[in-house]
Amino acid sequence: MSTSDEKIPAQPSFRLGIDLGGTKTEVVVLDQSLQPVYRKRATTPSHDYEAILTLITSLVADAEKSLQVKPTIGIGTPGSIASHNGLLRNSNTICMNGKAFLTDIEQRLDRAVKIQNDANCFTLSEALTGAGKDYSVVFGVIIGTGTGGGLVVNQQLLTGPNAITGEWGHNPLPWLTEIDGTPLCYCGKQACIETFISGSGLARNFEKRNGVTLSSEDIVLGARKGEEICERAMSLYYDQLSRALAHLINILDPDTIVLGGGMSNIEEIYREIPRRLSDYIFSDSVETPILPALHGDASGVFGAAML
Ligand SMILES: [Zn+2]
């Protein structure tokens with residue numbers, strides 16, 4: 001899958017990244033020292049594929065006009081380009097699934113574009129200039145509305161022959177004791193890690209157990225105030241997240257795991273998870289630093305620019 005294009009003179013000193021999210025689309029341009037020199041946000045027309053292509057084209061044109069440079073372009077988006085047919089799949093911006101997004105956007109922009117899923121962009125940015133920059137093997141995890149993962153080894157993003165490196169969120173939750181109706185995942189499987197450790201998973205499971213509807217933020221706040229059902233839910237959540245990460249450590253044993261996404265802002269995670277990991281991993285001590293992302297919400301768009 002070559003995306004090089006000899007016809008257009010490359011200006012690799014400037015890198016434009018686009019984070020194509022389900023609700024908003026963000027653009028950043030980084031200079032040669034990977035510092036942002038341009039940023040813009042727009043609402044994603046998430047139900048209209050043609051409108052998404054038009055939006056990206058105009059955002060790129062605006063950035064180029066403003067900076068008077070023609071940068072390299074990387075796009076981060078949920079889902080991935082299938083190796084075998086070049087079509088986008090697994091995106092929660094449903095209108096993009098089954099589309100030849102890479103070909104279509106390269107035609108519109110008349111140059112080569114690199115595309116990776118948002119978790120891969122996140123991991124790349126955290127491994128190169130973020131919380132993971134002092135480590136060789138960095139596993140990045142996004143725990144937000146969904147759950148994604150990515151792997152960077154010696155500053156290189158690994159994607160794999162199926163373009164799914166890091167997608168452990170759709171493995172079943174290990175050491176599963178939650179037998180009271182394991183949740184069905186949008187991917188068609190049951191008891192995926194994502195259905196427990198994502199924010200929406202926490203809220204859904206809380207509602208099922210307690211018959212009370214609360215957002216994941218309110219469950220966290222409730223636990224901090226000492227409300228018992230929230231405390232119980234968070235204790236279970238920390239255990240589930242520990243099991244999910246222990247599973248990963250047993251297979252890969254990365255030098256660090258960097259967490260991003262809305263749920264990664266829960267400070268208690270960085271105290272609760274390390275002390276629970278040893279219950280599950282195949283080692284008598286746990287040396288793996290579990291770190292919060294340094295770039296926060298900007299990791300995705302920074303990583304897209306670094307592709
Ligand atoms: Zn799944």
# chains A, B, ... in the order shown; residues from 1 in each chain; ligands from 1
>>> residues_around(residues="Ile219 (chain A)", least_positions_apart="3", cutoff="6 Å", atoms="only C-alpha atoms", output="ChimeraX atom specification")
/A:216,222,230
>>> residues_near_ligand(ligand="ligand 1", cutoff="12 Å", atoms="only C-alpha atoms and all ligand atoms", output="number ranges by chain")
A: 90, 146-148, 167-173, 182-198, 201
>>> write_last_selection(atoms="N, CA and C atoms", output="short mmCIF file (atom, residue, chain, number, x, y, z; two decimals), in the first residue's frame")
data_model
loop_
_atom_site.label_atom_id
_atom_site.label_comp_id
_atom_site.auth_asym_id
_atom_site.auth_seq_id
_atom_site.Cartn_x
_atom_site.Cartn_y
_atom_site.Cartn_z
N ASN A 90 -15.44 -0.69 9.89
CA ASN A 90 -15.45 -0.58 11.36
C ASN A 90 -15.54 0.86 11.87
N GLY A 146 -15.90 4.51 22.76
CA GLY A 146 -15.52 3.13 22.45
C GLY A 146 -14.17 2.82 23.06
N THR A 147 -13.53 1.76 22.59
CA THR A 147 -12.19 1.40 23.07
C THR A 147 -11.33 1.05 21.87
N GLY A 148 -10.16 1.68 21.78
CA GLY A 148 -9.25 1.35 20.69
C GLY A 148 -7.84 1.21 21.23
N GLU A 167 -6.16 -3.88 18.30
CA GLU A 167 -7.62 -3.87 18.46
C GLU A 167 -8.08 -4.94 19.46
N TRP A 168 -7.47 -4.89 20.64
CA TRP A 168 -7.82 -5.91 21.64
C TRP A 168 -9.15 -5.60 22.32
N GLY A 169 -9.68 -4.41 22.07
CA GLY A 169 -10.99 -4.03 22.65
C GLY A 169 -12.12 -4.92 22.18
N HIS A 170 -11.87 -5.68 21.11
CA HIS A 170 -12.92 -6.60 20.63
C HIS A 170 -12.53 -8.04 20.90
N ASN A 171 -11.61 -8.26 21.81
CA ASN A 171 -11.45 -9.57 22.44
C ASN A 171 -12.39 -9.59 23.64
N PRO A 172 -12.81 -10.79 24.05
CA PRO A 172 -13.67 -10.84 25.24
C PRO A 172 -12.93 -10.43 26.50
N LEU A 173 -13.64 -9.84 27.44
CA LEU A 173 -13.04 -9.48 28.73
C LEU A 173 -12.51 -10.75 29.39
N THR A 182 -23.91 -11.06 29.44
CA THR A 182 -22.77 -10.29 28.94
C THR A 182 -23.22 -9.43 27.77
N PRO A 183 -22.78 -8.17 27.75
CA PRO A 183 -23.32 -7.24 26.76
C PRO A 183 -22.94 -7.60 25.32
N LEU A 184 -23.86 -7.29 24.42
CA LEU A 184 -23.63 -7.48 22.99
C LEU A 184 -22.92 -6.25 22.45
N CYS A 185 -21.87 -6.46 21.66
CA CYS A 185 -21.10 -5.35 21.10
C CYS A 185 -21.61 -5.03 19.70
N TYR A 186 -21.41 -3.80 19.26
CA TYR A 186 -21.83 -3.43 17.89
C TYR A 186 -21.13 -4.28 16.84
N CYS A 187 -19.97 -4.87 17.21
CA CYS A 187 -19.21 -5.67 16.24
C CYS A 187 -19.85 -7.04 16.03
N GLY A 188 -20.87 -7.35 16.82
CA GLY A 188 -21.57 -8.62 16.64
C GLY A 188 -21.17 -9.69 17.65
N LYS A 189 -20.09 -9.45 18.41
CA LYS A 189 -19.65 -10.41 19.41
C LYS A 189 -20.20 -10.02 20.79
N GLN A 190 -20.07 -10.95 21.71
CA GLN A 190 -20.52 -10.69 23.07
C GLN A 190 -19.34 -10.51 24.01
N ALA A 191 -19.55 -9.68 25.03
CA ALA A 191 -18.59 -9.52 26.12
C ALA A 191 -17.25 -8.94 25.67
N CYS A 192 -17.24 -8.16 24.58
CA CYS A 192 -16.01 -7.48 24.16
C CYS A 192 -15.53 -6.57 25.30
N ILE A 193 -14.21 -6.45 25.41
CA ILE A 193 -13.60 -5.56 26.41
C ILE A 193 -14.23 -4.16 26.32
N GLU A 194 -14.44 -3.69 25.09
CA GLU A 194 -15.02 -2.35 24.89
C GLU A 194 -16.36 -2.18 25.61
N THR A 195 -17.17 -3.24 25.68
CA THR A 195 -18.50 -3.11 26.29
C THR A 195 -18.42 -2.99 27.81
N PHE A 196 -17.22 -3.13 28.38
CA PHE A 196 -17.04 -2.94 29.82
C PHE A 196 -16.25 -1.68 30.16
N ILE A 197 -15.17 -1.43 29.41
CA ILE A 197 -14.25 -0.38 29.87
C ILE A 197 -14.45 0.97 29.18
N SER A 198 -15.28 1.03 28.13
CA SER A 198 -15.59 2.34 27.52
C SER A 198 -16.55 3.09 28.44
N GLY A 201 -19.96 1.84 27.91
CA GLY A 201 -20.10 0.51 28.51
C GLY A 201 -20.35 0.59 30.01
#
>>> atom_distance(atom1="CA of Val37 (chain A)", atom2="CA of Leu67 (chain A)")
8.6 Å
>>> closest_residue(among="A:Ile143, A:Ile251, A:Ala203, A:Asn92", to="Ile269 (chain A)", atoms="only C-alpha atoms")
A:Ile143
>>> residues_around(residues="Ala131 (chain A)", least_positions_apart="3", cutoff="12 Å", atoms="only C-alpha atoms", output="list in words")
Phe122, Thr123, Leu124, Ser125, Glu126, Ala127, Leu128, Asp134, Tyr135, Ser136, Val138, Phe139, Gly140, Asp255, Thr256, Ile257, Val258, Leu259, Gly260, Pro289, Ile290, Leu291, Pro292, Ala293, Leu294, His295, Gly296 and Ser299 of chain A
>>> write_last_selection(atoms="N, CA and C atoms", output="compact mmCIF listing (two decimals), in the first residue's frame")
# COMPACT_ATOMS: atom_id res chain seq x y z
N PHE A 122 -3.34 8.43 17.97
CA PHE A 122 -3.13 8.74 19.38
C PHE A 122 -1.81 8.13 19.88
N THR A 123 -1.61 6.86 19.60
CA THR A 123 -0.43 6.15 20.11
C THR A 123 0.85 6.73 19.51
N LEU A 124 0.80 7.03 18.21
CA LEU A 124 1.98 7.60 17.55
C LEU A 124 2.36 8.93 18.20
N SER A 125 1.39 9.79 18.42
CA SER A 125 1.70 11.09 18.97
C SER A 125 2.21 10.98 20.41
N GLU A 126 1.62 10.10 21.21
CA GLU A 126 2.08 9.93 22.59
C GLU A 126 3.47 9.26 22.63
N ALA A 127 3.73 8.36 21.67
CA ALA A 127 5.04 7.68 21.65
C ALA A 127 6.15 8.63 21.17
N LEU A 128 5.83 9.52 20.24
CA LEU A 128 6.87 10.40 19.69
C LEU A 128 7.13 11.62 20.57
N ASP A 134 9.83 8.32 26.26
CA ASP A 134 11.06 7.71 26.77
C ASP A 134 11.03 6.18 26.75
N TYR A 135 10.04 5.61 26.06
CA TYR A 135 9.89 4.15 26.06
C TYR A 135 9.96 3.59 24.64
N SER A 136 10.48 2.36 24.51
CA SER A 136 10.61 1.76 23.17
C SER A 136 9.30 1.15 22.69
N VAL A 138 5.45 1.11 23.12
CA VAL A 138 4.36 1.89 23.70
C VAL A 138 3.02 1.36 23.19
N PHE A 139 2.19 0.92 24.12
CA PHE A 139 0.83 0.54 23.74
C PHE A 139 -0.09 1.68 24.16
N GLY A 140 -0.85 2.20 23.21
CA GLY A 140 -1.80 3.29 23.50
C GLY A 140 -3.21 2.75 23.54
N ASP A 255 6.61 -1.59 27.26
CA ASP A 255 7.37 -0.79 28.22
C ASP A 255 6.47 0.19 28.97
N THR A 256 5.41 0.62 28.31
CA THR A 256 4.41 1.45 28.99
C THR A 256 3.07 1.32 28.28
N ILE A 257 2.00 1.62 29.02
CA ILE A 257 0.67 1.73 28.42
C ILE A 257 0.20 3.15 28.69
N VAL A 258 -0.13 3.87 27.61
CA VAL A 258 -0.61 5.25 27.74
C VAL A 258 -2.11 5.27 27.48
N LEU A 259 -2.85 5.89 28.40
CA LEU A 259 -4.31 5.92 28.29
C LEU A 259 -4.79 7.29 27.82
N GLY A 260 -5.72 7.29 26.88
CA GLY A 260 -6.35 8.51 26.42
C GLY A 260 -7.86 8.33 26.33
N PRO A 289 4.54 0.95 33.68
CA PRO A 289 3.90 2.24 34.01
C PRO A 289 2.60 2.43 33.20
N ILE A 290 1.53 2.74 33.89
CA ILE A 290 0.25 3.07 33.24
C ILE A 290 0.13 4.59 33.33
N LEU A 291 0.22 5.27 32.18
CA LEU A 291 0.35 6.73 32.18
C LEU A 291 -0.82 7.42 31.49
N PRO A 292 -1.21 8.59 31.99
CA PRO A 292 -2.21 9.38 31.26
C PRO A 292 -1.54 10.07 30.06
N ALA A 293 -2.31 10.25 28.99
CA ALA A 293 -1.79 10.91 27.79
C ALA A 293 -1.35 12.33 28.12
N LEU A 294 -0.28 12.76 27.46
CA LEU A 294 0.22 14.12 27.68
C LEU A 294 -0.54 15.14 26.84
N HIS A 295 -0.89 14.75 25.62
CA HIS A 295 -1.49 15.72 24.70
C HIS A 295 -3.01 15.82 24.83
N GLY A 296 -3.61 15.00 25.70
CA GLY A 296 -5.05 15.06 25.89
C GLY A 296 -5.81 14.88 24.59
N SER A 299 -4.12 14.62 20.96
CA SER A 299 -3.28 13.50 20.52
C SER A 299 -3.66 12.98 19.15
>>> select_by_dssp(residues="region 108-262 of chain A", states="strand (DSSP E or B)", output="JSON, numbers by chain")
{"A": [114, 115, 116, 117, 137, 138, 139, 140, 141, 142, 143, 147, 148, 149, 150, 151, 152, 153, 156, 157, 158, 172, 184, 190, 192, 256, 257, 258, 259, 260]}
>>> write_last_selection(atoms="C-alpha atoms", output="mmCIF file, in the first residue's frame")
data_model
loop_
_atom_site.group_PDB
_atom_site.id
_atom_site.type_symbol
_atom_site.label_atom_id
_atom_site.label_comp_id
_atom_site.auth_asym_id
_atom_site.auth_seq_id
_atom_site.Cartn_x
_atom_site.Cartn_y
_atom_site.Cartn_z
ATOM 1 C CA LYS A 114 -1.971 8.729 4.821
ATOM 2 C CA ILE A 115 -4.880 7.416 6.853
ATOM 3 C CA GLN A 116 -4.854 5.603 10.179
ATOM 4 C CA ASN A 117 -7.453 4.966 12.788
ATOM 5 C CA VAL A 137 7.409 -0.298 23.159
ATOM 6 C CA VAL A 138 4.358 1.892 23.703
ATOM 7 C CA PHE A 139 0.830 0.542 23.739
ATOM 8 C CA GLY A 140 -1.796 3.288 23.500
ATOM 9 C CA VAL A 141 -5.355 2.771 24.661
ATOM 10 C CA ILE A 142 -8.291 5.073 23.992
ATOM 11 C CA ILE A 143 -11.122 4.613 26.449
ATOM 12 C CA THR A 147 -12.190 1.404 23.073
ATOM 13 C CA GLY A 148 -9.247 1.354 20.688
ATOM 14 C CA GLY A 149 -5.587 0.483 20.872
ATOM 15 C CA GLY A 150 -2.371 1.000 18.963
ATOM 16 C CA LEU A 151 1.246 -0.095 19.126
ATOM 17 C CA VAL A 152 4.421 1.883 18.435
ATOM 18 C CA VAL A 153 7.798 0.132 18.618
ATOM 19 C CA GLN A 156 7.379 3.121 14.318
ATOM 20 C CA LEU A 157 3.653 2.535 14.180
ATOM 21 C CA LEU A 158 2.866 -1.157 13.677
ATOM 22 C CA PRO A 172 -13.673 -10.843 25.239
ATOM 23 C CA LEU A 184 -23.630 -7.484 22.993
ATOM 24 C CA GLN A 190 -20.521 -10.685 23.074
ATOM 25 C CA CYS A 192 -16.007 -7.484 24.161
ATOM 26 C CA THR A 256 4.406 1.451 28.994
ATOM 27 C CA ILE A 257 0.672 1.728 28.420
ATOM 28 C CA VAL A 258 -0.605 5.250 27.738
ATOM 29 C CA LEU A 259 -4.306 5.925 28.289
ATOM 30 C CA GLY A 260 -6.352 8.512 26.416
#
>>> select_by_dssp(residues="region 83-257 of chain A", states="helix (DSSP H, G or I)", output="PyMOL selection string")
chain A and resi 94-96+101-109+118-129+168-170+194-197+199-210+216-224+228-252
>>> closest_residue(among="A:Glu287, A:Asp19, A:Glu64, A:Asp218", to="Ala42 (chain A)", atoms="only C-alpha atoms")
A:Asp19
>>> residues_around(residues="Leu34 (chain A)", least_positions_apart="2", cutoff="10 Å", atoms="only C-alpha atoms", output="PDB file with N, CA, C and O atoms, in the first residue's frame")
ATOM      1  N   SER A  13       8.562  19.449   5.699  1.00  0.00           N
ATOM      2  CA  SER A  13       8.818  20.251   6.891  1.00  0.00           C
ATOM      3  C   SER A  13       7.518  20.690   7.543  1.00  0.00           C
ATOM      4  O   SER A  13       7.486  20.968   8.733  1.00  0.00           O
ATOM      5  N   PHE A  14       6.426  20.747   6.794  1.00  0.00           N
ATOM      6  CA  PHE A  14       5.125  21.048   7.373  1.00  0.00           C
ATOM      7  C   PHE A  14       4.218  19.837   7.215  1.00  0.00           C
ATOM      8  O   PHE A  14       4.163  19.237   6.155  1.00  0.00           O
ATOM      9  N   ARG A  15       3.523  19.512   8.304  1.00  0.00           N
ATOM     10  CA  ARG A  15       2.670  18.327   8.301  1.00  0.00           C
ATOM     11  C   ARG A  15       1.278  18.725   8.744  1.00  0.00           C
ATOM     12  O   ARG A  15       1.104  19.278   9.827  1.00  0.00           O
ATOM     13  N   VAL A  29      -1.638  22.029  11.747  1.00  0.00           N
ATOM     14  CA  VAL A  29      -0.426  21.967  10.928  1.00  0.00           C
ATOM     15  C   VAL A  29       0.753  22.095  11.877  1.00  0.00           C
ATOM     16  O   VAL A  29       0.790  23.010  12.727  1.00  0.00           O
ATOM     17  N   LEU A  30       1.695  21.132  11.772  1.00  0.00           N
ATOM     18  CA  LEU A  30       2.896  21.157  12.611  1.00  0.00           C
ATOM     19  C   LEU A  30       4.081  21.627  11.779  1.00  0.00           C
ATOM     20  O   LEU A  30       4.201  21.279  10.602  1.00  0.00           O
ATOM     21  N   ASP A  31       4.947  22.393  12.404  1.00  0.00           N
ATOM     22  CA  ASP A  31       6.159  22.818  11.698  1.00  0.00           C
ATOM     23  C   ASP A  31       7.259  21.758  11.851  1.00  0.00           C
ATOM     24  O   ASP A  31       7.012  20.666  12.382  1.00  0.00           O
ATOM     25  N   GLN A  32       8.477  22.094  11.411  1.00  0.00           N
ATOM     26  CA  GLN A  32       9.542  21.079  11.389  1.00  0.00           C
ATOM     27  C   GLN A  32       9.911  20.557  12.771  1.00  0.00           C
ATOM     28  O   GLN A  32      10.395  19.451  12.902  1.00  0.00           O
ATOM     29  N   PRO A  36       2.634  23.028  16.779  1.00  0.00           N
ATOM     30  CA  PRO A  36       1.458  23.464  15.999  1.00  0.00           C
ATOM     31  C   PRO A  36       1.556  24.931  15.583  1.00  0.00           C
ATOM     32  O   PRO A  36       1.887  25.792  16.406  1.00  0.00           O
ATOM     33  N   VAL A  37       1.309  25.196  14.303  1.00  0.00           N
ATOM     34  CA  VAL A  37       1.330  26.574  13.807  1.00  0.00           C
ATOM     35  C   VAL A  37      -0.030  26.989  13.247  1.00  0.00           C
ATOM     36  O   VAL A  37      -0.240  28.150  12.892  1.00  0.00           O
ATOM     37  N   LEU A 128       5.833   9.524  20.243  1.00  0.00           N
ATOM     38  CA  LEU A 128       6.875  10.398  19.691  1.00  0.00           C
ATOM     39  C   LEU A 128       7.133  11.618  20.570  1.00  0.00           C
ATOM     40  O   LEU A 128       8.288  11.969  20.824  1.00  0.00           O
ATOM     41  N   THR A 129       6.068  12.264  21.018  1.00  0.00           N
ATOM     42  CA  THR A 129       6.292  13.515  21.767  1.00  0.00           C
ATOM     43  C   THR A 129       5.485  13.588  23.065  1.00  0.00           C
ATOM     44  O   THR A 129       5.472  14.620  23.715  1.00  0.00           O
ATOM     45  N   PHE A 302      -2.588  15.490  16.362  1.00  0.00           N
ATOM     46  CA  PHE A 302      -1.127  15.542  16.293  1.00  0.00           C
ATOM     47  C   PHE A 302      -0.591  14.266  15.613  1.00  0.00           C
ATOM     48  O   PHE A 302       0.275  14.323  14.743  1.00  0.00           O
ATOM     49  N   ALA A 305      -1.014  14.162  11.919  1.00  0.00           N
ATOM     50  CA  ALA A 305      -0.001  14.973  11.232  1.00  0.00           C
ATOM     51  C   ALA A 305       1.336  14.240  11.159  1.00  0.00           C
ATOM     52  O   ALA A 305       2.117  14.442  10.232  1.00  0.00           O
ATOM     53  N   MET A 306       1.611  13.380  12.153  1.00  0.00           N
ATOM     54  CA  MET A 306       2.908  12.687  12.208  1.00  0.00           C
ATOM     55  C   MET A 306       2.954  11.425  11.351  1.00  0.00           C
ATOM     56  O   MET A 306       3.985  10.773  11.268  1.00  0.00           O
TER      57      MET A 306
END
>>> closest_residue(among="A:Phe101, A:Trp175, A:Tyr49, A:Tyr238", to="Ala82 (chain A)", atoms="only C-alpha atoms")
A:Phe101
>>> atom_distance(atom1="CA of Ser283 (chain A)", atom2="CA of Leu236 (chain A)")
22.4 Å
>>> closest_residue(among="A:Ala163, A:Ala304, A:Ala119, A:Leu241", to="Ser80 (chain A)", atoms="only C-alpha atoms")
A:Ala163
>>> closest_residue(among="A:Thr213, A:Gly98, A:Gln155, A:Tyr280", to="Gly132 (chain A)", atoms="only C-alpha atoms")
A:Gln155
>>> closest_residue(among="A:Val27, A:Ile52, A:Leu20, A:Leu109", to="Pro78 (chain A)", atoms="only C-alpha atoms")
A:Leu20
>>> residues_around(residues="Asn210 (chain A)", least_positions_apart="5", cutoff="12 Å", atoms="only C-alpha atoms", output="number ranges by chain")
A: 202-205, 219, 228-230, 232-233
>>> write_last_selection(atoms="N, CA, C and O atoms", output="compact mmCIF listing (two decimals), in the first residue's frame")
# COMPACT_ATOMS: atom_id res chain seq x y z
N LEU A 202 -19.58 1.46 30.67
CA LEU A 202 -19.76 1.65 32.13
C LEU A 202 -21.20 2.09 32.42
O LEU A 202 -21.87 1.52 33.29
N ALA A 203 -21.69 3.07 31.67
CA ALA A 203 -23.04 3.60 31.91
C ALA A 203 -24.11 2.53 31.63
O ALA A 203 -25.06 2.38 32.39
N ARG A 204 -23.91 1.78 30.54
CA ARG A 204 -24.90 0.76 30.17
C ARG A 204 -24.95 -0.36 31.22
O ARG A 204 -26.01 -0.80 31.64
N ASN A 205 -23.79 -0.81 31.65
CA ASN A 205 -23.75 -1.90 32.64
C ASN A 205 -24.29 -1.44 33.99
O ASN A 205 -24.92 -2.21 34.72
N ILE A 219 -21.37 8.67 37.44
CA ILE A 219 -21.03 7.49 38.25
C ILE A 219 -19.70 7.74 38.98
O ILE A 219 -19.56 7.46 40.17
N GLU A 228 -23.00 4.47 47.45
CA GLU A 228 -22.57 3.08 47.46
C GLU A 228 -22.68 2.39 46.10
O GLU A 228 -21.75 1.68 45.69
N ILE A 229 -23.81 2.59 45.37
CA ILE A 229 -23.91 1.86 44.09
C ILE A 229 -22.85 2.36 43.10
O ILE A 229 -22.37 1.60 42.26
N CYS A 230 -22.49 3.64 43.22
CA CYS A 230 -21.44 4.18 42.32
C CYS A 230 -20.08 3.64 42.72
O CYS A 230 -19.25 3.29 41.87
N ARG A 232 -19.49 0.80 44.14
CA ARG A 232 -19.43 -0.60 43.71
C ARG A 232 -19.17 -0.68 42.20
O ARG A 232 -18.37 -1.50 41.74
N ALA A 233 -19.85 0.18 41.45
CA ALA A 233 -19.67 0.16 40.00
C ALA A 233 -18.23 0.53 39.61
O ALA A 233 -17.64 -0.09 38.72
